[in-house]
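Visitor: The structure file input.tsv (TSV, C-alpha atoms (C1' of nucleotides)) is provided below.
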```tsv
chain	number	residue	atom	x	y	z
M	1	MET	CA	-39.26	41.75	28.82
M	2	SER	CA	-39.94	44.85	26.79
M	3	SER	CA	-40.03	44.69	23.04
M	4	ASP	CA	-37.09	47.08	22.89
M	5	ALA	CA	-34.95	44.86	25.07
M	6	HIS	CA	-35.79	41.97	22.79
M	7	SER	CA	-34.83	43.84	19.66
M	8	ILE	CA	-31.54	44.86	21.18
M	9	LEU	CA	-30.83	41.35	22.40
M	10	ASP	CA	-31.65	39.82	19.02
M	11	ARG	CA	-29.58	42.32	17.15
M	12	MET	CA	-26.57	41.97	19.42
M	13	LEU	CA	-26.66	38.20	19.55
M	14	CYS	CA	-26.74	37.99	15.80
M	15	PHE	CA	-23.87	40.28	15.00
M	16	GLU	CA	-21.75	39.47	17.99
M	17	VAL	CA	-21.67	35.74	17.36
M	18	TYR	CA	-21.24	36.21	13.64
M	19	SER	CA	-18.33	38.64	13.77
M	20	THR	CA	-16.63	36.94	16.72
M	21	GLU	CA	-16.66	33.58	15.02
M	22	HIS	CA	-15.03	35.08	11.96
M	23	ALA	CA	-12.45	37.00	13.94
M	24	PHE	CA	-11.52	33.77	15.69
M	25	ALA	CA	-11.24	31.83	12.45
M	26	ARG	CA	-9.13	34.60	10.89
M	27	LEU	CA	-6.66	34.53	13.76
M	28	TYR	CA	-6.26	30.78	13.53
M	29	LYS	CA	-5.91	31.03	9.80
M	30	ALA	CA	-3.09	33.52	10.15
M	31	LEU	CA	-1.31	31.41	12.77
M	32	LEU	CA	-1.64	28.20	10.76
M	33	ALA	CA	-0.86	29.58	7.32
M	34	PRO	CA	2.95	29.24	7.74
M	35	TYR	CA	2.44	25.49	8.12
M	36	GLY	CA	0.12	25.21	5.13
M	37	LEU	CA	-2.74	24.24	7.41
M	38	THR	CA	-6.29	25.52	7.38
M	39	TYR	CA	-8.27	25.78	10.62
M	40	PRO	CA	-10.54	22.76	10.01
M	41	GLN	CA	-7.53	20.73	8.86
M	42	PHE	CA	-5.77	21.65	12.07
M	43	LEU	CA	-8.76	20.50	14.13
M	44	VAL	CA	-8.78	17.15	12.32
M	45	LEU	CA	-5.09	16.78	13.11
M	46	VAL	CA	-5.69	17.54	16.79
M	47	LEU	CA	-8.29	14.79	16.91
M	48	LEU	CA	-5.98	12.33	15.18
M	49	TRP	CA	-3.13	13.19	17.54
M	50	GLU	CA	-5.42	12.17	20.39
M	51	GLN	CA	-6.74	9.03	18.74
M	52	CYS	CA	-5.71	7.27	15.54
M	53	PRO	CA	-7.14	5.89	13.37
M	54	GLN	CA	-10.62	7.36	13.26
M	55	THR	CA	-13.47	7.00	10.81
M	56	VAL	CA	-14.86	9.87	8.75
M	57	ASN	CA	-18.07	9.88	10.76
M	58	GLY	CA	-16.10	9.70	13.99
M	59	LEU	CA	-14.26	12.89	13.10
M	60	GLY	CA	-17.43	14.48	11.75
M	61	GLY	CA	-19.31	13.80	14.96
M	62	GLN	CA	-16.71	15.58	17.05
M	63	LEU	CA	-16.52	18.56	14.69
M	64	GLY	CA	-20.15	18.78	13.67
M	65	LEU	CA	-19.26	18.20	10.01
M	66	GLN	CA	-20.83	16.08	7.29
M	67	SER	CA	-18.96	13.65	5.08
M	68	SER	CA	-19.66	16.06	2.23
M	69	THR	CA	-17.33	18.50	3.96
M	70	LEU	CA	-14.83	16.04	5.39
M	71	THR	CA	-14.21	13.83	2.36
M	72	PRO	CA	-12.70	16.56	0.18
M	73	LEU	CA	-10.89	18.06	3.17
M	74	LEU	CA	-9.33	14.69	4.03
M	75	LYS	CA	-8.35	14.15	0.42
M	76	ARG	CA	-6.51	17.45	0.45
M	77	MET	CA	-4.77	16.44	3.67
M	78	GLU	CA	-3.86	13.10	2.12
M	79	LYS	CA	-2.43	14.82	-0.93
M	80	ALA	CA	-0.40	17.00	1.44
M	81	GLY	CA	0.95	13.85	3.08
M	82	LEU	CA	-0.58	14.53	6.50
M	83	VAL	CA	-2.98	11.57	6.66
M	84	VAL	CA	-3.74	8.31	4.89
M	85	ARG	CA	-7.21	6.97	4.13
M	86	THR	CA	-7.82	3.23	3.94
M	87	ARG	CA	-10.97	1.15	3.82
M	88	ASP	CA	-11.57	-0.74	7.06
M	89	PRO	CA	-11.14	-4.47	6.25
M	90	GLU	CA	-13.63	-5.27	9.04
M	91	ASP	CA	-16.33	-3.15	7.42
M	92	GLU	CA	-15.66	-1.95	3.91
M	93	ARG	CA	-18.12	0.91	4.31
M	94	ARG	CA	-15.85	2.63	6.79
M	95	VAL	CA	-12.76	4.65	5.89
M	96	ARG	CA	-10.03	4.72	8.51
M	97	VAL	CA	-8.13	7.99	8.63
M	98	SER	CA	-4.64	7.83	10.12
M	99	VAL	CA	-2.07	10.52	10.70
M	100	THR	CA	1.29	10.07	8.97
M	101	ALA	CA	4.74	10.73	10.39
M	102	ALA	CA	4.65	14.11	8.67
M	103	GLY	CA	1.31	14.83	10.32
M	104	LYS	CA	2.68	13.84	13.71
M	105	ALA	CA	5.73	16.02	13.18
M	106	LEU	CA	3.54	19.11	12.90
M	107	ARG	CA	2.41	18.62	16.46
M	108	ALA	CA	5.57	20.13	17.90
M	109	ASN	CA	5.50	23.08	15.50
M	110	VAL	CA	2.01	24.21	16.40
M	111	HIS	CA	2.23	23.29	20.06
M	112	ASP	CA	1.92	26.88	21.23
M	113	ILE	CA	-0.92	27.96	18.98
M	114	GLY	CA	-3.62	27.52	21.60
M	115	ARG	CA	-1.57	29.42	24.11
M	116	CYS	CA	-1.02	32.11	21.51
M	117	VAL	CA	-4.75	32.40	20.86
M	118	ALA	CA	-5.50	32.51	24.57
M	119	ASP	CA	-3.03	35.38	24.86
M	120	ALA	CA	-4.61	37.14	21.89
M	121	THR	CA	-8.00	37.14	23.54
M	122	GLY	CA	-6.65	39.45	26.20
M	123	MET	CA	-8.83	37.64	28.71
M	124	GLU	CA	-8.06	35.98	32.01
M	125	GLU	CA	-8.05	32.24	32.31
M	126	ALA	CA	-11.10	32.24	34.56
M	127	GLU	CA	-12.99	34.45	32.16
M	128	LEU	CA	-12.18	32.14	29.27
M	129	PHE	CA	-13.44	29.16	31.21
M	130	ASP	CA	-16.69	31.01	31.91
M	131	LEU	CA	-17.00	31.88	28.25
M	132	MET	CA	-16.49	28.28	27.23
M	133	ARG	CA	-19.04	27.11	29.75
M	134	SER	CA	-21.57	29.55	28.28
M	135	LEU	CA	-20.70	28.46	24.77
M	136	ARG	CA	-21.22	24.84	25.70
M	137	ARG	CA	-24.65	25.69	27.08
M	138	LEU	CA	-25.45	27.72	24.00
M	139	ARG	CA	-24.35	24.95	21.69
M	140	GLY	CA	-26.33	22.37	23.61
M	141	GLY	CA	-29.48	24.46	23.33
M	142	LEU	CA	-28.97	25.19	19.65
M	143	GLN	CA	-28.30	21.58	18.73
M	144	GLY	CA	-31.37	20.47	20.67
M	145	SER	CA	-33.52	23.02	18.87
M	146	VAL	CA	-32.32	21.96	15.45
M	147	LEU	CA	-33.18	18.39	16.30
M	148	THR	CA	-36.67	19.27	17.49
M	149	GLY	CA	-37.26	21.42	14.44
M	150	VAL	CA	-37.66	24.94	15.77
M	151	SER	CA	-39.58	27.25	13.46
M	152	LEU	CA	-41.00	30.73	13.51
M	153	SER	CA	-44.49	29.34	13.85
M	154	ASP	CA	-43.70	27.85	17.27
B	1	MET	CA	-0.66	28.03	35.17
B	2	SER	CA	0.29	24.38	34.71
B	3	SER	CA	1.06	23.00	31.29
B	4	ASP	CA	-1.87	20.61	31.65
B	5	ALA	CA	-4.30	23.42	32.33
B	6	HIS	CA	-3.00	25.14	29.25
B	7	SER	CA	-3.47	22.12	27.06
B	8	ILE	CA	-7.00	21.66	28.28
B	9	LEU	CA	-7.82	25.33	27.83
B	10	ASP	CA	-6.37	25.39	24.32
B	11	ARG	CA	-8.17	22.26	23.30
B	12	MET	CA	-11.52	23.38	24.69
B	13	LEU	CA	-11.36	26.89	23.31
B	14	CYS	CA	-10.62	25.57	19.86
B	15	PHE	CA	-13.39	23.04	19.59
B	16	GLU	CA	-15.97	24.91	21.61
B	17	VAL	CA	-15.80	28.07	19.54
B	18	TYR	CA	-15.63	26.12	16.31
B	19	SER	CA	-18.61	23.85	16.92
B	20	THR	CA	-20.71	26.54	18.58
B	21	GLU	CA	-20.28	28.93	15.71
B	22	HIS	CA	-21.41	26.27	13.28
B	23	ALA	CA	-24.36	25.22	15.40
B	24	PHE	CA	-25.45	28.85	15.51
B	25	ALA	CA	-25.12	29.31	11.77
B	26	ARG	CA	-27.03	26.08	11.13
B	27	LEU	CA	-29.95	27.21	13.26
B	28	TYR	CA	-30.16	30.56	11.49
B	29	LYS	CA	-29.89	28.82	8.15
B	30	ALA	CA	-32.84	26.58	9.02
B	31	LEU	CA	-34.95	29.51	10.23
B	32	LEU	CA	-34.17	31.65	7.17
B	33	ALA	CA	-34.44	28.96	4.51
B	34	PRO	CA	-38.25	29.33	4.14
B	35	TYR	CA	-37.65	32.92	3.04
B	36	GLY	CA	-34.89	32.05	0.61
B	37	LEU	CA	-32.39	33.96	2.75
B	38	THR	CA	-28.93	32.87	3.82
B	39	TYR	CA	-27.51	33.99	7.15
B	40	PRO	CA	-25.07	36.59	5.77
B	41	GLN	CA	-27.75	37.88	3.42
B	42	PHE	CA	-30.06	38.28	6.39
B	43	LEU	CA	-27.40	40.26	8.26
B	44	VAL	CA	-26.96	42.59	5.29
B	45	LEU	CA	-30.72	43.13	5.24
B	46	VAL	CA	-30.76	43.94	8.96
B	47	LEU	CA	-28.09	46.58	8.39
B	48	LEU	CA	-30.00	48.06	5.46
B	49	TRP	CA	-33.23	48.13	7.46
B	50	GLU	CA	-31.40	50.28	9.99
B	51	GLN	CA	-29.70	52.54	7.45
B	52	CYS	CA	-30.13	52.83	3.72
B	53	PRO	CA	-28.31	53.25	1.43
B	54	GLN	CA	-24.91	51.99	2.51
B	55	THR	CA	-21.69	51.42	0.62
B	56	VAL	CA	-20.10	47.99	0.14
B	57	ASN	CA	-17.25	48.89	2.49
B	58	GLY	CA	-19.72	50.29	5.00
B	59	LEU	CA	-21.52	46.97	5.18
B	60	GLY	CA	-18.24	45.07	5.12
B	61	GLY	CA	-16.89	47.05	8.04
B	62	GLN	CA	-19.85	46.18	10.22
B	63	LEU	CA	-19.78	42.49	9.27
B	64	GLY	CA	-16.05	41.99	9.03
B	65	LEU	CA	-16.31	41.03	5.36
B	66	GLN	CA	-14.23	41.94	2.32
B	67	SER	CA	-15.60	43.23	-0.97
B	68	SER	CA	-14.54	39.90	-2.46
B	69	THR	CA	-17.20	38.28	-0.30
B	70	LEU	CA	-19.82	41.01	-0.41
B	71	THR	CA	-19.85	41.79	-4.11
B	72	PRO	CA	-21.08	38.36	-5.24
B	73	LEU	CA	-23.42	38.14	-2.24
B	74	LEU	CA	-24.96	41.52	-3.07
B	75	LYS	CA	-25.31	40.53	-6.70
B	76	ARG	CA	-27.27	37.45	-5.67
B	77	MET	CA	-29.47	39.62	-3.46
B	78	GLU	CA	-29.97	42.04	-6.33
B	79	LYS	CA	-30.96	39.19	-8.63
B	80	ALA	CA	-33.43	38.07	-5.95
B	81	GLY	CA	-34.92	41.57	-5.96
B	82	LEU	CA	-33.98	42.38	-2.37
B	83	VAL	CA	-31.52	45.22	-3.01
B	84	VAL	CA	-30.37	47.53	-5.78
B	85	ARG	CA	-26.77	48.56	-6.45
B	86	THR	CA	-26.00	51.93	-8.00
B	87	ARG	CA	-22.78	53.87	-8.42
B	88	ASP	CA	-22.63	56.91	-6.18
B	89	PRO	CA	-22.77	59.99	-8.46
B	90	GLU	CA	-20.73	61.93	-5.88
B	91	ASP	CA	-17.89	59.41	-6.07
B	92	GLU	CA	-18.06	56.90	-8.86
B	93	ARG	CA	-15.79	54.51	-6.95
B	94	ARG	CA	-18.50	53.85	-4.39
B	95	VAL	CA	-21.48	51.56	-4.87
B	96	ARG	CA	-24.61	52.47	-2.95
B	97	VAL	CA	-26.63	49.46	-1.84
B	98	SER	CA	-30.32	50.11	-1.13
B	99	VAL	CA	-33.05	47.80	0.06
B	100	THR	CA	-36.07	47.41	-2.23
B	101	ALA	CA	-39.74	47.26	-1.26
B	102	ALA	CA	-39.49	43.48	-1.42
B	103	GLY	CA	-36.50	43.58	0.90
B	104	LYS	CA	-38.35	45.81	3.33
B	105	ALA	CA	-41.36	43.53	3.22
B	106	LEU	CA	-39.28	40.65	4.57
B	107	ARG	CA	-38.73	42.58	7.77
B	108	ALA	CA	-42.15	41.69	9.15
B	109	ASN	CA	-41.81	38.01	8.21
B	110	VAL	CA	-38.56	37.46	10.03
B	111	HIS	CA	-39.35	39.76	12.92
B	112	ASP	CA	-39.39	36.96	15.48
B	113	ILE	CA	-36.24	35.17	14.37
B	114	GLY	CA	-34.01	36.70	17.00
B	115	ARG	CA	-36.52	35.90	19.69
B	116	CYS	CA	-36.73	32.38	18.32
B	117	VAL	CA	-32.96	31.97	18.47
B	118	ALA	CA	-32.83	33.38	21.99
B	119	ASP	CA	-35.45	30.80	22.99
B	120	ALA	CA	-33.48	28.04	21.28
B	121	THR	CA	-30.40	28.81	23.34
B	122	GLY	CA	-32.26	27.72	26.44
B	123	MET	CA	-30.45	30.46	28.32
B	124	GLU	CA	-31.70	33.27	30.52
B	125	GLU	CA	-31.62	36.81	29.27
B	126	ALA	CA	-28.99	37.81	31.81
B	127	GLU	CA	-26.79	34.88	30.85
B	128	LEU	CA	-27.05	35.82	27.19
B	129	PHE	CA	-26.02	39.36	27.95
B	130	ASP	CA	-23.00	38.06	29.86
B	131	LEU	CA	-22.11	35.80	26.97
B	132	MET	CA	-22.32	38.66	24.51
B	133	ARG	CA	-20.18	40.85	26.75
B	134	SER	CA	-17.54	38.11	26.81
B	135	LEU	CA	-17.78	37.66	23.07
B	136	ARG	CA	-17.29	41.37	22.54
B	137	ARG	CA	-14.18	41.28	24.70
B	138	LEU	CA	-12.95	38.21	22.86
B	139	ARG	CA	-13.54	39.76	19.48
B	140	GLY	CA	-11.84	42.97	20.51
B	141	GLY	CA	-8.77	41.06	21.62
B	142	LEU	CA	-8.66	38.93	18.51
B	143	GLN	CA	-9.04	41.83	16.12
B	144	GLY	CA	-6.32	43.73	17.93
B	145	SER	CA	-3.99	40.75	17.69
B	146	VAL	CA	-4.56	40.31	13.99
B	147	LEU	CA	-3.76	43.97	13.47
B	148	THR	CA	-0.55	43.78	15.46
B	149	GLY	CA	0.46	40.60	13.66
B	150	VAL	CA	0.54	37.94	16.35
B	151	SER	CA	2.73	34.96	15.49
B	152	LEU	CA	4.00	31.84	17.19
B	153	SER	CA	7.44	33.36	17.53
B	154	ASP	CA	6.12	36.03	19.88
H	1	DA	C1'	-1.70	70.30	-15.55
H	2	DG	C1'	0.83	65.99	-14.77
H	3	DA	C1'	2.54	62.09	-12.13
H	4	DC	C1'	2.04	59.26	-8.40
H	5	DA	C1'	-0.38	57.46	-4.41
H	6	DT	C1'	-4.66	56.11	-2.43
H	7	DT	C1'	-9.23	54.28	-2.30
H	8	DA	C1'	-13.42	51.41	-3.66
H	9	DA	C1'	-15.16	47.51	-5.99
H	10	DA	C1'	-14.66	43.79	-8.67
H	11	DT	C1'	-12.36	39.54	-10.12
H	12	DC	C1'	-10.03	35.13	-9.56
H	13	DG	C1'	-8.61	30.80	-7.41
H	14	DC	C1'	-8.99	28.06	-3.52
H	15	DA	C1'	-11.09	25.93	0.67
H	16	DC	C1'	-14.84	25.17	3.42
H	17	DG	C1'	-19.89	23.77	4.67
H	18	DC	C1'	-24.37	22.07	3.70
H	19	DG	C1'	-28.53	19.63	1.65
H	20	DA	C1'	-29.74	16.22	-1.48
H	21	DT	C1'	-28.56	12.32	-3.83
H	22	DT	C1'	-25.98	8.13	-4.98
H	23	DA	C1'	-23.31	3.81	-4.44
H	24	DA	C1'	-21.67	0.18	-1.91
H	25	DA	C1'	-21.49	-2.66	2.11
H	26	DT	C1'	-23.80	-4.55	5.98
H	27	DC	C1'	-27.78	-5.70	8.75
H	28	DA	C1'	-32.25	-7.68	9.91
H	29	DC	C1'	-35.64	-10.60	9.52
H	30	DA	C1'	-38.97	-13.47	7.43
C	1	DT	C1'	-31.27	-17.56	1.71
C	2	DG	C1'	-32.67	-13.49	0.06
C	3	DT	C1'	-34.85	-9.08	0.04
C	4	DG	C1'	-35.45	-4.71	1.81
C	5	DA	C1'	-33.79	-1.34	5.32
C	6	DT	C1'	-29.85	0.85	7.23
C	7	DT	C1'	-25.28	2.65	7.45
C	8	DT	C1'	-21.08	4.81	5.52
C	9	DA	C1'	-18.70	7.61	2.24
C	10	DA	C1'	-18.60	9.95	-1.81
C	11	DT	C1'	-20.50	13.21	-5.17
C	12	DC	C1'	-22.73	17.40	-6.83
C	13	DG	C1'	-24.33	22.20	-6.86
C	14	DC	C1'	-24.55	26.34	-4.44
C	15	DG	C1'	-23.16	30.03	-1.29
C	16	DT	C1'	-19.93	31.95	1.52
C	17	DG	C1'	-15.02	33.73	2.96
C	18	DC	C1'	-10.35	35.11	2.05
C	19	DG	C1'	-5.79	36.68	-0.08
C	20	DA	C1'	-3.95	38.57	-4.08
C	21	DT	C1'	-4.58	41.14	-7.97
C	22	DT	C1'	-6.82	44.39	-11.13
C	23	DT	C1'	-9.44	48.42	-12.69
C	24	DA	C1'	-11.35	52.78	-12.30
C	25	DA	C1'	-11.96	56.98	-9.77
C	26	DT	C1'	-10.27	60.25	-6.69
C	27	DG	C1'	-6.71	62.65	-3.98
C	28	DT	C1'	-2.15	64.87	-3.56
C	29	DC	C1'	1.77	67.25	-4.45
C	30	DT	C1'	4.73	69.80	-7.17
```
Starting from the file, lay out its structure as structure tokens.

Guide:
Amino acid sequence: MSSDAHSILDRMLCFEVYSTEHAFARLYKALLAPYGLTYPQFLVLVLLWEQCPQTVNGLGGQLGLQSSTLTPLLKRMEKAGLVVRTRDPEDERRVRVSVTAAGKALRANVHDIGRCVADATGMEEAELFDLMRSLRRLRGGLQGSVLTGVSLSD
Amino acid sequence: MSSDAHSILDRMLCFEVYSTEHAFARLYKALLAPYGLTYPQFLVLVLLWEQCPQTVNGLGGQLGLQSSTLTPLLKRMEKAGLVVRTRDPEDERRVRVSVTAAGKALRANVHDIGRCVADATGMEEAELFDLMRSLRRLRGGLQGSVLTGVSLSD
DNA sequence: AGACATTAAATCGCACGCGATTAAATCACA
DNA sequence: TGTGATTTAATCGCGTGCGATTTAATGTCT
């Protein structure tokens, strides 16, 4: 590949991923604000709607988040009455996070958010599936590289 | 489309975009850390390498960032000696941001970062171009929706 | 010229997100 | 049994990112 093509690719990849990710987060933020939910809080709720209770690391693994991010986030959700956090009697190191009745109640309210976002993309269903497939490949590659310690000297 | 397909689409879109965006940012963070650069700081530098000086809003427009984010970021970059901020004599409301010699010098050091990231994706050039085309479409749709005030009641 | 609107940055409070460290519980193994 | 390694959360400091507000400079309209 020519050096020019590389420069263009690099430049585009950089800015496109950066600005798209923020545009996406902003849309979700706007849709969730009426319910007092942030985007990451919403994602935690989705996971707890599917399976409850879950440990902090269990949630973190699915979201790619550290306990240093999740602990304060979960405390805010607990203060808001959406979840409860209790030490696991089986293993006192673990904290079991459970969704409350109030947290479950939100499920109906935000049921159409995903649909709403899909509409907002202005893209066809098939195109969105392709995009997600590419993103999954991209994410897989990136995560592998971080693990193997990619550096500029490679 | 069936309700099930919708649920799956919603769920996937949500988590895929969220975790991919963070994986991408983490990789850039790791690659830039040796140079004391954060990812958004790097993006500002790239813009200034292409055109200098630029106003705060000019940079913000290209990155999708507000002055409330850029002002402290630019101050940190100024303290690090990468840029200088001066009021525009033509219009004292504007702040002109210029890259310093030290900021320019970094260009050679991080020249291969984009290439490195492209390698890390494990994807072919053509596939990456397709992905970026999809992302551009996605971003366009999202930004349009935010402007027109999408809500769940629509 | 004077009054009001508009624009550009800056400021503030809040919520992530991470790396590094710490504290407590559990595990492993001699 | 007991001692050191491992695992799990929590804590801390720093850097984004945003909405709302503020301040200063400029534009506009009479």

Visitor: Enter the distance from CA of Lys79 (chain B) to CA of His111 (chain B), in Å, rounded to one decimal.

Guide: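 Pair CA of Lys79 (chain B) / CA of His111 (chain B) returns 23.1 Å.
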
Visitor: Counting all atoms listed in the file, collect the residues of chain B whose closest atom lies at most 9 Å from chain H, and write them out as number ranges by chain.

Guide: B: 26, 56-57, 67-68, 71, 92-95

Visitor: Only residues of chain C matter here; which ones have an atom within 10 Å of chain M, counting only C-alpha atoms (C1' of nucleotides)? Give them as a PyMOL selection string.

Guide: chain C and resi 7-12+17-18

Visitor: Compute the set of chain M residues within 6 Å of chain B, using only C-alpha atoms, and express it as a ChimeraX atom specification.

Guide: /M:10,20-21,114,120-122,138-139,141-142,145

Visitor: So how many Å separate C1' of DT26 (chain C) and CA of Val83 (chain B), to one decimal?

Guide: 26.3 Å

Visitor: Hey, can you check how far CA of Trp49 (chain M) sits from CA of Lys104 (chain M)?

Guide: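 Distance reported for this atom pair: 7.0 Å.
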
Visitor: Could you check the closest approach to Gln51 (chain M) for each of M:Thr86, M:Thr38, M:Thr69, M:Ser98 and tell me which residue wins, using all atoms listed in the file?

Guide: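 Of M:Thr86, M:Thr38, M:Thr69, M:Ser98, the one nearest Gln51 (chain M), counting all atoms listed in the file, is M:Ser98.
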
Visitor: Hey, which of B:Thr100, B:Arg76, B:Ala105, B:Glu124 ends up closest to DC14 (chain C)? Count all atoms listed in the file.

Guide: B:Arg76

Visitor: Add whatever atoms are absent from region 17-29 of chain B to reach N, CA and C atoms, and provide the output as a PDB file, in the coordinates of the input.

Guide:
```
ATOM      1  N   VAL B  17     -15.455  26.930  20.398  1.00  0.00           N
ATOM      2  CA  VAL B  17     -15.800  28.070  19.540  1.00  0.00           C
ATOM      3  C   VAL B  17     -16.162  27.573  18.149  1.00  0.00           C
ATOM      4  N   TYR B  18     -15.387  26.626  17.659  1.00  0.00           N
ATOM      5  CA  TYR B  18     -15.630  26.120  16.310  1.00  0.00           C
ATOM      6  C   TYR B  18     -17.017  25.491  16.173  1.00  0.00           C
ATOM      7  N   SER B  19     -17.337  24.568  17.072  1.00  0.00           N
ATOM      8  CA  SER B  19     -18.610  23.850  16.920  1.00  0.00           C
ATOM      9  C   SER B  19     -19.797  24.730  17.292  1.00  0.00           C
ATOM     10  N   THR B  20     -19.608  25.650  18.231  1.00  0.00           N
ATOM     11  CA  THR B  20     -20.710  26.540  18.580  1.00  0.00           C
ATOM     12  C   THR B  20     -21.051  27.478  17.428  1.00  0.00           C
ATOM     13  N   GLU B  21     -20.022  28.003  16.798  1.00  0.00           N
ATOM     14  CA  GLU B  21     -20.280  28.930  15.710  1.00  0.00           C
ATOM     15  C   GLU B  21     -21.037  28.239  14.575  1.00  0.00           C
ATOM     16  N   HIS B  22     -20.717  26.978  14.351  1.00  0.00           N
ATOM     17  CA  HIS B  22     -21.410  26.270  13.280  1.00  0.00           C
ATOM     18  C   HIS B  22     -22.832  25.897  13.678  1.00  0.00           C
ATOM     19  N   ALA B  23     -23.014  25.538  14.940  1.00  0.00           N
ATOM     20  CA  ALA B  23     -24.360  25.220  15.400  1.00  0.00           C
ATOM     21  C   ALA B  23     -25.256  26.457  15.273  1.00  0.00           C
ATOM     22  N   PHE B  24     -24.704  27.603  15.598  1.00  0.00           N
ATOM     23  CA  PHE B  24     -25.450  28.850  15.510  1.00  0.00           C
ATOM     24  C   PHE B  24     -25.827  29.166  14.070  1.00  0.00           C
ATOM     25  N   ALA B  25     -24.867  29.032  13.187  1.00  0.00           N
ATOM     26  CA  ALA B  25     -25.120  29.310  11.770  1.00  0.00           C
ATOM     27  C   ALA B  25     -26.154  28.338  11.197  1.00  0.00           C
ATOM     28  N   ARG B  26     -26.071  27.079  11.630  1.00  0.00           N
ATOM     29  CA  ARG B  26     -27.030  26.080  11.130  1.00  0.00           C
ATOM     30  C   ARG B  26     -28.449  26.427  11.543  1.00  0.00           C
ATOM     31  N   LEU B  27     -28.613  26.865  12.791  1.00  0.00           N
ATOM     32  CA  LEU B  27     -29.950  27.210  13.260  1.00  0.00           C
ATOM     33  C   LEU B  27     -30.518  28.378  12.451  1.00  0.00           C
ATOM     34  N   TYR B  28     -29.705  29.421  12.273  1.00  0.00           N
ATOM     35  CA  TYR B  28     -30.160  30.560  11.490  1.00  0.00           C
ATOM     36  C   TYR B  28     -30.498  30.135  10.063  1.00  0.00           C
ATOM     37  N   LYS B  29     -29.662  29.283   9.515  1.00  0.00           N
ATOM     38  CA  LYS B  29     -29.890  28.820   8.150  1.00  0.00           C
ATOM     39  C   LYS B  29     -31.255  28.143   8.053  1.00  0.00           C
TER      40      LYS B  29
END
```
